[in-house]
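Enquirer: Hey, dropping protein_27.cif in here, mmCIF, C-alpha atoms:
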data_my_file
loop_
_atom_site.label_atom_id
_atom_site.label_comp_id
_atom_site.auth_asym_id
_atom_site.auth_seq_id
_atom_site.Cartn_x
_atom_site.Cartn_y
_atom_site.Cartn_z
CA MET A 23 0.00 0.00 0.00
CA LEU A 24 1.43 3.36 -0.99
CA LYS A 25 1.95 5.94 1.75
CA GLU A 26 0.15 9.24 1.29
CA GLU A 27 2.42 12.04 0.08
CA THR A 28 0.97 14.58 2.50
CA LEU A 29 -0.31 14.58 6.05
CA LYS A 30 -2.49 16.96 8.01
CA VAL A 31 -1.50 18.51 11.32
CA VAL A 32 -2.67 21.37 13.51
CA ILE A 33 -0.29 24.23 14.33
CA ASN A 34 -1.50 26.88 16.75
CA GLY A 35 -5.10 25.87 16.08
CA GLN A 36 -4.81 26.02 12.29
CA GLU A 37 -4.93 22.88 10.17
CA VAL A 38 -2.06 22.70 7.67
CA GLU A 39 -0.74 20.14 5.24
CA SER A 40 2.82 18.88 5.32
CA SER A 41 4.96 16.33 3.53
CA PHE A 42 6.10 13.10 5.15
CA GLY A 43 9.68 13.36 6.39
CA LYS A 44 9.52 17.05 7.22
CA THR A 45 10.23 18.29 10.71
CA ILE A 46 7.94 20.44 12.82
CA LEU A 47 10.27 23.39 12.23
CA GLU A 48 10.18 22.99 8.45
CA CYS A 49 6.41 22.63 8.41
CA ALA A 50 5.93 25.64 10.69
CA ARG A 51 8.17 27.86 8.59
CA ASP A 52 6.45 26.70 5.40
CA SER A 53 3.20 27.84 7.03
CA GLY A 54 4.61 31.23 8.01
CA VAL A 55 4.97 30.39 11.70
CA ASP A 56 8.16 31.70 13.31
CA ILE A 57 10.03 29.41 15.70
CA PRO A 58 13.34 30.78 17.05
CA THR A 59 16.53 28.74 16.62
CA LEU A 60 20.22 29.08 17.42
CA CYS A 61 21.83 25.75 16.52
CA PHE A 62 19.83 25.13 13.33
CA ASP A 63 21.23 25.31 9.79
CA SER A 64 18.99 23.82 7.12
CA ARG A 65 21.99 22.43 5.21
CA VAL A 66 23.07 20.00 7.93
CA LYS A 67 21.55 17.40 10.24
CA ALA A 68 19.72 18.84 13.21
CA THR A 69 21.64 18.60 16.50
CA ALA A 70 18.88 19.91 18.83
CA ALA A 71 21.69 21.38 20.91
CA CYS A 72 20.14 24.69 21.95
CA ARG A 73 16.50 23.60 22.51
CA LEU A 74 15.35 27.11 21.71
CA CYS A 75 12.97 25.70 19.09
CA SER A 76 11.11 23.53 21.62
CA VAL A 77 7.34 23.34 21.10
CA ASN A 78 4.44 21.63 22.83
CA VAL A 79 2.85 18.59 21.20
CA LYS A 80 -0.51 17.42 22.49
CA GLY A 81 -0.18 14.12 24.35
CA ARG A 82 3.48 14.61 25.27
CA ARG A 83 4.51 15.65 28.75
CA LEU A 84 7.61 17.60 27.78
CA PRO A 85 8.34 20.04 24.95
CA VAL A 86 10.10 18.60 21.89
CA ALA A 87 12.80 20.10 19.68
CA ALA A 88 11.01 21.24 16.51
CA CYS A 89 14.20 21.02 14.41
CA ALA A 90 14.60 17.29 15.03
CA GLN A 91 11.04 15.99 15.50
CA LYS A 92 9.46 14.58 12.33
CA MET A 93 5.83 15.36 11.62
CA GLU A 94 3.26 12.68 12.32
CA PRO A 95 -0.38 12.56 11.12
CA GLY A 96 -2.81 14.31 13.43
CA MET A 97 -0.21 16.14 15.50
CA GLU A 98 -1.48 19.16 17.42
CA ILE A 99 1.37 21.60 17.97
CA THR A 100 1.65 24.80 19.96
CA THR A 101 4.65 26.95 19.11
CA ASP A 102 3.92 29.93 21.33
CA SER A 103 2.78 30.02 24.95
CA SER A 104 3.80 31.74 28.19
CA ASP A 105 5.61 28.58 29.32
CA LEU A 106 7.52 28.28 26.05
CA GLU A 107 8.42 31.97 26.06
CA SER A 108 9.68 31.69 29.65
CA MET A 109 11.73 28.61 28.77
CA ARG A 110 13.29 30.31 25.75
CA LYS A 111 14.21 33.36 27.81
CA THR A 112 15.83 31.10 30.43
CA ILE A 113 17.80 29.27 27.72
CA LEU A 114 19.07 32.59 26.37
CA ASP A 115 19.91 33.78 29.89
CA LEU A 116 22.01 30.63 30.34
CA VAL A 117 23.72 31.11 26.97
CA VAL A 118 24.69 34.75 27.51
CA SER A 119 25.90 34.00 31.05
CA GLU A 120 28.79 32.08 29.46
CA ASN A 121 29.77 34.95 27.18
CA PRO A 122 31.65 38.12 28.09
CA THR A 123 29.60 41.26 28.47
CA GLY A 124 30.13 44.40 26.43
CA GLU A 125 29.58 45.37 22.82
CA CYS A 126 29.43 42.56 20.28
CA VAL A 127 31.96 43.25 17.52
CA ARG A 128 29.93 41.15 15.11
CA CYS A 129 26.80 43.25 15.69
CA GLU A 130 28.70 46.52 15.64
CA GLU A 131 30.84 46.06 12.54
CA ILE A 132 29.36 43.30 10.38
CA GLY A 133 25.68 43.21 11.28
CA PRO A 134 23.32 41.85 13.97
CA CYS A 135 24.29 38.36 15.11
CA GLU A 136 21.54 35.82 15.73
CA LEU A 137 22.26 35.50 19.46
CA HIS A 138 21.91 39.17 20.31
CA THR A 139 18.95 39.58 17.98
CA LEU A 140 17.18 36.92 20.05
CA THR A 141 18.32 38.30 23.41
CA LYS A 142 16.80 41.65 22.47
CA ARG A 143 13.60 39.94 21.39
CA TYR A 144 13.23 38.07 24.70
CA GLY A 145 14.78 40.70 26.94
CA SER A 146 17.58 38.38 28.05
CA LYS A 147 20.63 39.84 29.77
CA PRO A 148 23.81 38.37 31.25
CA GLY A 149 24.01 38.17 35.02
CA ARG A 150 21.04 36.01 35.88
CA PHE A 151 23.29 32.94 36.02
CA HIS A 152 26.98 32.66 36.79
CA GLY A 153 29.32 30.13 35.25
CA ALA A 154 32.63 29.60 33.53
CA LEU A 155 33.23 31.52 30.31
CA SER A 156 33.01 29.34 27.23
CA GLY A 157 36.57 29.79 25.99
CA GLU A 158 39.46 32.07 25.22
CA LYS A 159 40.37 34.22 22.27
CA SER A 160 42.32 32.12 19.82
CA LYS A 161 45.87 33.04 18.92
CA ASP A 162 45.35 31.71 15.40
CA THR A 163 47.28 33.99 13.04
CA ASN A 164 45.64 32.98 9.77
CA PRO A 165 44.86 36.02 7.59
CA PHE A 166 41.19 35.25 6.93
CA ILE A 167 39.19 33.94 9.90
CA PHE A 168 39.12 35.60 13.32
CA ARG A 169 38.41 33.02 16.02
CA ASP A 170 37.12 34.31 19.36
CA TYR A 171 35.85 31.28 21.23
CA SER A 172 34.97 33.34 24.28
CA GLN A 173 31.87 34.10 22.18
CA CYS A 174 31.23 30.45 21.28
CA ILE A 175 27.95 28.89 22.44
CA LEU A 176 28.82 25.35 21.27
CA CYS A 177 25.96 25.14 18.80
CA TYR A 178 28.20 23.03 16.50
CA ARG A 179 26.90 24.70 13.35
CA CYS A 180 30.45 25.49 12.19
CA THR A 181 31.72 21.94 12.65
CA SER A 182 28.62 20.47 10.98
CA VAL A 183 28.91 22.73 7.93
CA CYS A 184 32.66 22.13 7.72
CA GLY A 185 32.21 18.35 7.83
CA GLU A 186 28.87 17.68 6.18
CA VAL A 187 28.68 20.40 3.54
CA GLU A 188 32.29 21.28 2.72
CA GLN A 189 33.73 17.84 3.58
CA ALA A 190 36.84 19.56 4.95
CA HIS A 191 36.64 18.39 8.60
CA ALA A 192 39.07 21.14 9.54
CA ILE A 193 37.37 21.94 12.85
CA VAL A 194 35.69 19.49 15.22
CA PRO A 195 34.21 19.44 18.73
CA ALA A 196 36.88 18.65 21.32
CA GLY A 197 37.06 18.20 25.07
CA ARG A 198 34.34 17.39 27.58
CA GLY A 199 32.33 19.27 30.16
CA PHE A 200 33.68 22.75 30.88
CA GLY A 201 36.62 21.85 28.63
CA SER A 202 34.38 21.50 25.56
CA ARG A 203 35.57 23.60 22.66
CA ILE A 204 35.86 23.86 18.89
CA ALA A 205 39.34 23.02 17.67
CA ALA A 206 41.43 22.13 14.66
CA ALA A 207 43.39 18.88 14.77
CA PHE A 208 45.88 18.83 17.66
CA ASP A 209 44.68 22.33 18.59
CA SER A 210 46.70 23.70 15.69
CA GLY A 211 45.97 26.81 13.64
CA LEU A 212 43.75 26.71 10.59
CA LEU A 213 46.73 27.16 8.26
CA ASP A 214 48.05 23.81 9.53
CA SER A 215 44.69 22.07 9.12
CA SER A 216 42.64 20.85 6.16
CA CYS A 217 40.76 24.18 6.10
CA THR A 218 40.11 25.51 2.58
CA PHE A 219 39.05 28.94 3.93
CA CYS A 220 35.68 28.79 2.20
CA GLY A 221 34.28 30.95 5.00
CA GLN A 222 31.16 28.85 5.55
CA CYS A 223 31.92 28.56 9.27
CA ILE A 224 31.82 32.36 9.46
CA GLN A 225 28.51 32.55 7.64
CA THR A 226 26.75 29.97 9.81
CA CYS A 227 28.12 31.15 13.18
CA PRO A 228 25.26 32.80 15.15
CA THR A 229 27.64 34.81 17.37
CA GLY A 230 30.93 36.69 17.11
CA ALA A 231 33.00 33.54 17.67
CA LEU A 232 33.97 33.36 13.99
CA MET A 233 34.31 36.49 11.86
CA ASP A 234 35.85 37.72 8.63
CA ARG A 235 39.18 39.12 9.83
CA LYS A 236 39.50 41.40 6.80
CA MET A 237 36.20 43.14 7.56
CA LEU A 238 37.02 43.92 11.18
CA GLY A 239 37.94 47.50 11.93
CA GLN A 240 36.86 48.72 8.49
CA ALA A 241 33.50 50.34 9.25
CA LYS A 242 30.40 50.28 11.40
CA ALA A 243 27.56 48.07 10.21
CA SER A 244 25.35 51.14 9.87
CA GLU A 245 27.82 52.63 7.34
CA VAL A 246 27.81 49.58 5.06
CA THR A 247 25.80 49.18 1.87
CA LYS A 248 25.38 45.72 0.34
CA VAL A 249 25.62 45.40 -3.43
CA LYS A 250 24.55 42.14 -5.08
CA THR A 251 26.87 40.91 -7.84
CA VAL A 252 28.59 37.83 -9.30
CA CYS A 253 32.05 36.60 -8.32
CA PRO A 254 34.61 37.57 -11.01
CA TYR A 255 37.10 34.78 -10.41
CA CYS A 256 35.70 31.93 -12.54
CA GLY A 257 32.83 30.91 -14.75
CA THR A 258 30.74 29.22 -12.05
CA GLY A 259 28.92 32.47 -11.36
CA CYS A 260 28.55 32.33 -7.57
CA GLY A 261 26.52 35.17 -6.13
CA LEU A 262 28.12 37.73 -3.83
CA ASN A 263 27.05 40.61 -1.65
CA LEU A 264 29.77 43.25 -1.70
CA HIS A 265 29.98 45.21 1.56
CA VAL A 266 30.77 48.79 0.59
CA ALA A 267 31.70 51.56 3.04
CA ASN A 268 33.22 54.96 2.25
CA ASN A 269 33.28 54.07 -1.45
CA LYS A 270 35.45 51.01 -0.77
CA VAL A 271 34.68 47.28 -0.86
CA ILE A 272 35.57 46.01 2.61
CA GLY A 273 34.41 42.40 2.26
CA THR A 274 31.86 39.96 0.91
CA THR A 275 29.11 37.64 2.09
CA PRO A 276 27.38 34.97 0.00
CA ASP A 277 24.18 35.57 -1.92
CA TRP A 278 22.03 32.74 -0.58
CA ASP A 279 19.56 33.15 -3.45
CA SER A 280 22.21 32.54 -6.11
CA PRO A 281 21.20 29.42 -8.11
CA SER A 282 24.80 28.42 -8.86
CA GLY A 283 26.59 28.83 -5.55
CA GLU A 284 23.57 28.62 -3.20
CA GLY A 285 25.60 30.47 -0.60
CA SER A 286 28.83 28.50 -0.96
CA LEU A 287 32.02 30.34 -1.91
CA CYS A 288 35.68 29.45 -2.33
CA VAL A 289 38.53 31.29 -0.66
CA LYS A 290 38.74 33.75 -3.56
CA GLY A 291 35.09 34.70 -3.58
CA GLN A 292 34.99 34.99 0.19
CA PHE A 293 38.25 36.76 0.95
CA ALA A 294 39.96 38.00 -2.21
CA THR A 295 38.00 41.08 -3.24
CA ASP A 296 40.50 43.48 -1.65
CA PHE A 297 42.30 43.58 -5.01
CA ILE A 298 39.66 46.13 -6.05
CA SER A 299 41.31 48.86 -3.98
CA HIS A 300 44.87 47.50 -4.00
CA LYS A 301 47.55 50.08 -4.73
CA ASP A 302 49.22 47.79 -7.31
CA ARG A 303 46.07 47.20 -9.33
CA LEU A 304 46.39 48.19 -13.01
CA LYS A 305 43.72 50.69 -14.00
CA THR A 306 45.01 51.72 -17.42
CA PRO A 307 46.71 49.80 -20.28
CA LEU A 308 50.51 49.75 -20.40
CA ILE A 309 52.56 49.89 -23.62
CA ARG A 310 56.28 49.29 -23.75
CA ARG A 311 58.02 52.34 -25.19
CA ASN A 312 61.82 52.30 -25.45
CA GLY A 313 61.85 49.26 -23.16
CA VAL A 314 59.75 50.92 -20.47
CA LEU A 315 56.08 50.18 -19.69
CA THR A 316 54.13 53.43 -19.82
CA GLU A 317 50.46 54.24 -19.44
CA ALA A 318 48.39 54.44 -22.62
CA THR A 319 44.79 54.95 -23.65
CA TRP A 320 42.54 52.01 -24.52
CA ASP A 321 42.47 53.11 -28.16
CA GLU A 322 46.27 53.08 -28.27
CA ALA A 323 46.35 49.61 -26.74
CA TYR A 324 43.76 48.20 -29.15
CA ASP A 325 45.52 49.76 -32.14
CA LEU A 326 48.82 48.18 -31.08
CA ILE A 327 47.20 44.74 -30.69
CA VAL A 328 45.61 44.99 -34.15
CA GLU A 329 48.93 46.09 -35.64
CA LYS A 330 50.92 43.21 -34.08
CA PHE A 331 48.30 40.56 -34.90
CA THR A 332 48.08 41.76 -38.51
CA GLN A 333 51.89 41.75 -38.83
CA ILE A 334 52.19 38.19 -37.49
CA LYS A 335 49.38 36.92 -39.73
CA GLU A 336 50.90 38.50 -42.86
CA GLU A 337 54.44 37.30 -42.12
CA SER A 338 53.78 33.81 -40.72
CA GLY A 339 50.19 32.95 -41.57
CA PRO A 340 47.16 32.40 -39.34
CA ASN A 341 48.45 29.10 -37.97
CA ALA A 342 51.22 30.98 -36.20
CA PHE A 343 48.55 31.73 -33.58
CA THR A 344 47.33 29.38 -30.88
CA PHE A 345 44.36 30.32 -28.70
CA TRP A 346 43.90 28.86 -25.23
CA THR A 347 40.70 29.31 -23.31
CA SER A 348 39.84 28.57 -19.70
CA ALA A 349 37.28 26.28 -18.10
CA ARG A 350 36.96 28.94 -15.43
CA ALA A 351 35.77 31.54 -17.92
CA THR A 352 32.12 31.83 -18.89
CA THR A 353 30.67 29.86 -21.78
CA GLU A 354 30.09 33.10 -23.64
CA SER A 355 33.74 34.16 -23.25
CA ASN A 356 34.98 30.80 -24.53
CA TYR A 357 32.61 30.99 -27.49
CA ILE A 358 33.83 34.48 -28.44
CA MET A 359 37.47 33.33 -28.20
CA GLN A 360 37.02 30.43 -30.64
CA LYS A 361 34.92 32.62 -32.93
CA PHE A 362 37.69 35.21 -33.00
CA ALA A 363 40.28 32.51 -33.75
CA ARG A 364 38.34 30.92 -36.61
CA ALA A 365 36.48 33.83 -38.17
CA VAL A 366 38.93 36.69 -37.66
CA ILE A 367 42.38 35.10 -37.54
CA GLY A 368 41.53 32.05 -39.66
CA THR A 369 43.00 29.25 -37.55
CA ASN A 370 41.59 26.20 -35.83
CA ASN A 371 44.38 26.21 -33.25
CA VAL A 372 41.98 26.54 -30.34
CA ASP A 373 42.17 24.51 -27.16
CA ASN A 374 40.80 24.56 -23.61
CA CYS A 375 42.53 23.80 -20.35
CA SER A 376 39.74 21.40 -19.31
CA ARG A 377 40.72 19.01 -22.12
CA THR A 378 44.18 18.54 -20.71
#
Render the structure in this file as structure tokens.
Expert:
Amino acid sequence: MLKEETLKVVINGQEVESSFGKTILECARDSGVDIPTLCFDSRVKATAACRLCSVNVKGRRLPVAACAQKMEPGMEITTDSSDLESMRKTILDLVVSENPTGECVRCEEIGPCELHTLTKRYGSKPGRFHGALSGEKSKDTNPFIFRDYSQCILCYRCTSVCGEVEQAHAIVPAGRGFGSRIAAAFDSGLLDSSCTFCGQCIQTCPTGALMDRKMLGQAKASEVTKVKTVCPYCGTGCGLNLHVANNKVIGTTPDWDSPSGEGSLCVKGQFATDFISHKDRLKTPLIRRNGVLTEATWDEAYDLIVEKFTQIKEESGPNAFTFWTSARATTESNYIMQKFARAVIGTNNVDNCSRT
């Protein structure tokens, strides 16, 4: 007998349809019901570590974690009540009691972090509970990722994304009890690990424990404008949000709506946009005159290229040229290159790096 594709449940008194295999959290969000989370990232398996998403299910004595509980036919779920709100506030009070007080650098310079957005929502403040701080500031000297584990809440989102999504396994949970921490192998730095510096740990971190080192100290979050664009480094076409302050690109974050990258970036897309304002960047063509490279106009540069290409073709024939294209360029760019070789120069000496 075939199982029905959909099931009916009741959420906050409203009957809704859901698909088999979906969790309460997924069903609720599909229905426009907001359930707060801290440890949840839709790309990885639910850990139910923070319990902030706990909801009441009729017939069960204790609240259940909405991120991990699969839907069952006929479930009656309550996502919002005075008891649940009180429990969530207490959870947040416990979380912030293990973090140092003061301004959050993440909120101040990069944008509101998830933890402090939720503490403002529930009115949570440090001081209600007293306990050991969660960690120390890392002395990792890598140039890309700032690691401040005094801000870590052990949600394990970074380790899950690193292992399950990126398959790098550069950082893992280590220690037990009050000694629990996030660490690279043998407590080494990220440069000595299998880290590819994709930056996904930064993007999933809900606190200031992991941040883009290059963006720190550049500007206040209120001064930053985000500009949606496409990464210029290869032909994949990953989406980027350029963070612009004072007419300067200070960093990037992924465009989660991009159909090609879906929020994933490589080290270049995540950290290598500072070339835009680099002092050594070429902004005008250079032509060698009397053995010295000097600035020229674009028209002068194009005229020189035409002159040299014409001279070579007349003296040695079109097959004196060989055109190489790149698999990292766009399809359109590769097409134009071979069209130029065959139709303009008159040679079939065209090849692509992907073939070799």
Enquirer: Could you list, as a list in words, every residue matched by the PyMOL selection byres ((chain A and resi 187) around 12) in this structure?
Expert: Asp63, Ser64, Arg65, Val66, Lys67, Arg179, Cys180, Thr181, Ser182, Val183, Cys184, Gly185, Glu186, Glu188, Gln189, Ala190, His191, Cys220, Gln222, Cys223, Thr226, Glu284, Gly285, Ser286 and Leu287 of chain A
Enquirer: Report the distance between atom CA of A:Thr275 and atom CA of A:Gly261 in Å, rounded to one decimal place.
Expert: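 We find that atom CA of A:Thr275 and atom CA of A:Gly261 lie 9.0 Å from each other.
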Enquirer: Which residues are close to A:Thr344, i.e. within 7 Å by all atoms listed in the file, leaving aside same-chain residues fewer than 2 positions away? Reply as number ranges by chain.
Expert: A: 342, 346, 371-372
Enquirer: So the first atom is atom CA of A:Val79 and the second is atom CA of A:Thr100; what is the distance between them in Å, to one decimal place?
Expert: 6.4 Å
Enquirer: Can you spell out as a PyMOL selection string the set of residues that the PyMOL selection byres ((chain A and resi 318) around 6) selects in the structure I just provided?
Expert: chain A and resi 307-308+317+319
Enquirer: Selection in question (the file shown): the PyMOL selection byres ((chain A and resi 114) around 12). Which residues does it include, as a ChimeraX atom specification?
Expert: /A:58-60,72-75,107-113,115-121,136-151,175
Enquirer: Neighbours of A:Ala231 within 7 Å (all atoms listed in the file; same-chain residues fewer than 3 positions away dropped), as a list in words?
Expert: Arg169, Asp170, Tyr171, Ser172, Gln173 and Cys174 of chain A
Enquirer: When you look at A:Tyr357 with a cut-off of 12 Å (counting all atoms listed in the file), what residues show up, excluding the ones that are within fewer than 6 positions of it in the same chain? I need them as a list of chain:residue names.
Expert: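 Near neighbours after the sequence-gap exclusion: A:Phe345, A:Trp346, A:Thr347, A:Ser348, A:Ala349, A:Ala351, A:Ala363, A:Arg364, A:Ala365, A:Val372, A:Asp373, A:Asn374.
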Enquirer: So how many Å separate atom CA of A:Ala68 and atom CA of A:Cys89, to one decimal?
Expert: 6.1 Å
Enquirer: Given all atoms listed in the file as the basis, pick out the residue of A:Met233, A:Met93, A:Ala87, A:Val38 nearest to A:Cys135.
Expert: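 The answer is A:Met233, which sits nearest to A:Cys135.
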Enquirer: For each of A:Asn78, A:Thr218, A:Gln333, A:Ser202, take the minimum atom-to-atom distance to A:Gln292, counting only C-alpha atoms, then give the residue where this is smallest.
Expert: A:Thr218
Enquirer: Nearest to A:Val289 among A:Thr352, A:Gln360, A:Thr274, A:Asn370, with distances taken over all atoms listed in the file: which residue is it?
Expert: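 Selected residue with least distance to A:Val289: A:Thr274.
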Enquirer: Since fewer atoms than expected are present, regenerate N, CA and C atoms for stretch 343-366 of chain A and write them as a JSON list (two decimals), keeping the file's coordinate frame.
Expert:
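Saved file out13.json follows:
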[["chain", "number", "residue", "atom", "x", "y", "z"],
["A", 343, "PHE", "N", 49.27, 31.43, -34.82],
["A", 343, "PHE", "CA", 48.55, 31.73, -33.58],
["A", 343, "PHE", "C", 48.02, 30.44, -32.95],
["A", 344, "THR", "N", 48.02, 30.42, -31.65],
["A", 344, "THR", "CA", 47.33, 29.38, -30.88],
["A", 344, "THR", "C", 46.51, 30.08, -29.80],
["A", 345, "PHE", "N", 45.26, 29.70, -29.67],
["A", 345, "PHE", "CA", 44.36, 30.32, -28.70],
["A", 345, "PHE", "C", 43.99, 29.31, -27.61],
["A", 346, "TRP", "N", 44.27, 29.69, -26.38],
["A", 346, "TRP", "CA", 43.90, 28.86, -25.23],
["A", 346, "TRP", "C", 42.80, 29.55, -24.45],
["A", 347, "THR", "N", 41.77, 28.78, -24.13],
["A", 347, "THR", "CA", 40.70, 29.31, -23.31],
["A", 347, "THR", "C", 40.65, 28.58, -21.97],
["A", 348, "SER", "N", 39.85, 29.09, -21.06],
["A", 348, "SER", "CA", 39.84, 28.57, -19.70],
["A", 348, "SER", "C", 38.48, 27.99, -19.32],
["A", 349, "ALA", "N", 38.51, 26.88, -18.62],
["A", 349, "ALA", "CA", 37.28, 26.28, -18.10],
["A", 349, "ALA", "C", 36.67, 27.15, -17.01],
["A", 350, "ARG", "N", 37.45, 28.05, -16.48],
["A", 350, "ARG", "CA", 36.96, 28.94, -15.43],
["A", 350, "ARG", "C", 36.34, 30.22, -15.98],
["A", 351, "ALA", "N", 36.44, 30.40, -17.29],
["A", 351, "ALA", "CA", 35.77, 31.54, -17.92],
["A", 351, "ALA", "C", 34.32, 31.15, -18.24],
["A", 352, "THR", "N", 33.52, 32.12, -18.56],
["A", 352, "THR", "CA", 32.12, 31.83, -18.89],
["A", 352, "THR", "C", 32.02, 31.16, -20.25],
["A", 353, "THR", "N", 30.91, 30.50, -20.49],
["A", 353, "THR", "CA", 30.67, 29.86, -21.78],
["A", 353, "THR", "C", 30.70, 30.89, -22.90],
["A", 354, "GLU", "N", 30.12, 32.05, -22.63],
["A", 354, "GLU", "CA", 30.09, 33.10, -23.64],
["A", 354, "GLU", "C", 31.50, 33.58, -24.00],
["A", 355, "SER", "N", 32.36, 33.71, -22.99],
["A", 355, "SER", "CA", 33.74, 34.16, -23.25],
["A", 355, "SER", "C", 34.50, 33.13, -24.07],
["A", 356, "ASN", "N", 34.31, 31.86, -23.77],
["A", 356, "ASN", "CA", 34.98, 30.80, -24.53],
["A", 356, "ASN", "C", 34.47, 30.76, -25.98],
["A", 357, "TYR", "N", 33.18, 30.99, -26.13],
["A", 357, "TYR", "CA", 32.61, 30.99, -27.49],
["A", 357, "TYR", "C", 33.21, 32.14, -28.32],
["A", 358, "ILE", "N", 33.28, 33.31, -27.73],
["A", 358, "ILE", "CA", 33.83, 34.48, -28.44],
["A", 358, "ILE", "C", 35.29, 34.24, -28.82],
["A", 359, "MET", "N", 36.05, 33.59, -27.92],
["A", 359, "MET", "CA", 37.47, 33.33, -28.20],
["A", 359, "MET", "C", 37.62, 32.43, -29.43],
["A", 360, "GLN", "N", 36.87, 31.33, -29.48],
["A", 360, "GLN", "CA", 37.02, 30.43, -30.64],
["A", 360, "GLN", "C", 36.49, 31.07, -31.91],
["A", 361, "LYS", "N", 35.46, 31.92, -31.76],
["A", 361, "LYS", "CA", 34.92, 32.62, -32.93],
["A", 361, "LYS", "C", 35.94, 33.60, -33.48],
["A", 362, "PHE", "N", 36.64, 34.28, -32.59],
["A", 362, "PHE", "CA", 37.69, 35.21, -33.00],
["A", 362, "PHE", "C", 38.81, 34.47, -33.71],
["A", 363, "ALA", "N", 39.19, 33.28, -33.15],
["A", 363, "ALA", "CA", 40.28, 32.51, -33.75],
["A", 363, "ALA", "C", 39.93, 32.04, -35.16],
["A", 364, "ARG", "N", 38.72, 31.51, -35.33],
["A", 364, "ARG", "CA", 38.34, 30.92, -36.61],
["A", 364, "ARG", "C", 37.90, 31.95, -37.65],
["A", 365, "ALA", "N", 37.07, 32.90, -37.21],
["A", 365, "ALA", "CA", 36.48, 33.83, -38.17],
["A", 365, "ALA", "C", 37.36, 35.04, -38.46],
["A", 366, "VAL", "N", 38.11, 35.49, -37.47],
["A", 366, "VAL", "CA", 38.93, 36.69, -37.66],
["A", 366, "VAL", "C", 40.36, 36.33, -38.05]]
